[in-house]
Amino acid sequence: KVYLVRLPIHIKMMEIENDFMPNFNNKIESLITNDVVFFDMTKSDQKYVYTDGNHLHKSSSIIVSKQIADLIKSKP
């Protein structure tokens, strides 16, 4: 199984990404096959602390890593 994760980023960084590639998630989802699971964690961006807007602070990276593990465990 392949798990593709779009990590959370600060809202300002998300605005820049959206300017460069609108509908990124739709484009990615159209490429996904049965062996690939896509987790989009960008919707919970305000819950975390960032070092520079793009990289998670150590404390937040621990939380996100656990959430990813839980997401993977929940998939058959």
# chains A, B, ... in the order shown; residues from 1 in each chain; ligands from 1

call {"tool": "residues_around", "arguments": {"residues": "Arg6 of chain A", "least_positions_apart": "5", "cutoff": "7 Å", "atoms": "only C-alpha atoms", "output": "PyMOL selection string"}}
result
chain A and resi 39-42

call {"tool": "select_by_dssp", "arguments": {"residues": "segment 7-68 of chain A", "states": "helix (DSSP H, G or I)", "output": "PyMOL selection string"}}
result
chain A and resi 11-20+24-31+42-47+58-68

call {"tool": "write_last_selection", "arguments": {"atoms": "N, CA and C atoms", "output": "compact mmCIF listing (two decimals), in the first residue's frame"}}
result
# COMPACT_ATOMS: atom_id res chain seq x y z
N ILE A 11 -1.46 28.97 6.69
CA ILE A 11 -2.46 29.47 5.73
C ILE A 11 -1.84 30.37 4.66
N LYS A 12 -0.85 31.15 5.01
CA LYS A 12 -0.19 32.03 4.02
C LYS A 12 0.54 31.20 2.97
N MET A 13 1.18 30.11 3.40
CA MET A 13 1.85 29.22 2.45
C MET A 13 0.83 28.52 1.55
N MET A 14 -0.32 28.17 2.13
CA MET A 14 -1.38 27.52 1.35
C MET A 14 -1.90 28.47 0.28
N GLU A 15 -2.00 29.75 0.60
CA GLU A 15 -2.44 30.73 -0.39
C GLU A 15 -1.46 30.79 -1.57
N ILE A 16 -0.17 30.73 -1.27
CA ILE A 16 0.85 30.74 -2.33
C ILE A 16 0.72 29.47 -3.18
N GLU A 17 0.58 28.32 -2.53
CA GLU A 17 0.42 27.07 -3.27
C GLU A 17 -0.82 27.12 -4.17
N ASN A 18 -1.92 27.64 -3.63
CA ASN A 18 -3.15 27.72 -4.41
C ASN A 18 -3.01 28.65 -5.61
N ASP A 19 -2.18 29.69 -5.48
CA ASP A 19 -1.93 30.57 -6.62
C ASP A 19 -1.17 29.84 -7.72
N PHE A 20 -0.21 29.00 -7.32
CA PHE A 20 0.58 28.27 -8.30
C PHE A 20 -0.16 27.08 -8.90
N PHE A 24 -5.20 21.55 -6.54
CA PHE A 24 -4.13 20.54 -6.40
C PHE A 24 -4.70 19.19 -5.97
N ASN A 25 -5.55 19.20 -4.95
CA ASN A 25 -6.10 17.93 -4.45
C ASN A 25 -6.88 17.19 -5.52
N ASN A 26 -7.67 17.89 -6.30
CA ASN A 26 -8.44 17.24 -7.37
C ASN A 26 -7.50 16.61 -8.39
N LYS A 27 -6.42 17.29 -8.70
CA LYS A 27 -5.46 16.75 -9.67
C LYS A 27 -4.78 15.51 -9.11
N ILE A 28 -4.40 15.56 -7.85
CA ILE A 28 -3.76 14.39 -7.23
C ILE A 28 -4.75 13.23 -7.16
N GLU A 29 -5.95 13.49 -6.71
CA GLU A 29 -6.95 12.43 -6.58
C GLU A 29 -7.27 11.76 -7.91
N SER A 30 -7.17 12.50 -9.00
CA SER A 30 -7.43 11.91 -10.32
C SER A 30 -6.32 10.95 -10.75
N LEU A 31 -5.16 11.05 -10.12
CA LEU A 31 -4.03 10.18 -10.45
C LEU A 31 -3.94 8.94 -9.55
N THR A 42 -4.14 19.40 5.22
CA THR A 42 -4.03 20.86 5.14
C THR A 42 -5.23 21.58 5.76
N LYS A 43 -6.34 20.89 5.89
CA LYS A 43 -7.53 21.55 6.44
C LYS A 43 -7.40 21.84 7.94
N SER A 44 -6.46 21.20 8.60
CA SER A 44 -6.27 21.42 10.03
C SER A 44 -5.00 22.24 10.31
N ASP A 45 -4.64 23.11 9.39
CA ASP A 45 -3.39 23.88 9.48
C ASP A 45 -3.29 24.78 10.70
N GLN A 46 -4.40 25.26 11.21
CA GLN A 46 -4.37 26.20 12.34
C GLN A 46 -4.08 25.53 13.68
N LYS A 47 -4.09 24.21 13.72
CA LYS A 47 -3.85 23.48 14.96
C LYS A 47 -2.37 23.37 15.32
N LYS A 58 8.89 20.97 16.06
CA LYS A 58 9.08 19.63 16.60
C LYS A 58 7.84 19.15 17.37
N SER A 59 7.27 20.01 18.19
CA SER A 59 6.11 19.62 18.99
C SER A 59 4.92 19.25 18.10
N SER A 60 4.72 19.99 17.04
CA SER A 60 3.61 19.70 16.12
C SER A 60 3.92 18.49 15.24
N SER A 61 5.19 18.29 14.90
CA SER A 61 5.53 17.14 14.06
C SER A 61 5.26 15.82 14.78
N ILE A 62 5.42 15.81 16.08
CA ILE A 62 5.10 14.62 16.86
C ILE A 62 3.61 14.31 16.78
N ILE A 63 2.79 15.35 16.91
CA ILE A 63 1.33 15.19 16.83
C ILE A 63 0.91 14.71 15.44
N VAL A 64 1.45 15.36 14.41
CA VAL A 64 1.09 15.00 13.03
C VAL A 64 1.52 13.57 12.71
N SER A 65 2.71 13.19 13.16
CA SER A 65 3.18 11.82 12.92
C SER A 65 2.24 10.79 13.54
N LYS A 66 1.78 11.07 14.74
CA LYS A 66 0.83 10.15 15.40
C LYS A 66 -0.49 10.11 14.62
N GLN A 67 -0.95 11.27 14.17
CA GLN A 67 -2.19 11.30 13.40
C GLN A 67 -2.08 10.50 12.10
N ILE A 68 -0.93 10.61 11.45
CA ILE A 68 -0.72 9.84 10.22
C ILE A 68 -0.74 8.35 10.53

call {"tool": "atom_distance", "arguments": {"atom1": "atom CA of Ile9 of chain A", "atom2": "atom CA of His55 of chain A"}}
result
7.1 Å

call {"tool": "select_by_dssp", "arguments": {"residues": "chain A", "states": "strand (DSSP E)", "output": "list of chain:residue names"}}
result
A:Val2, A:Tyr3, A:Leu4, A:Val5, A:Arg6, A:Val36, A:Val37, A:Phe38, A:Phe39, A:Asp40

call {"tool": "atom_distance", "arguments": {"atom1": "atom CA of Leu4 of chain A", "atom2": "atom CA of Val36 of chain A"}}
result
7.0 Å
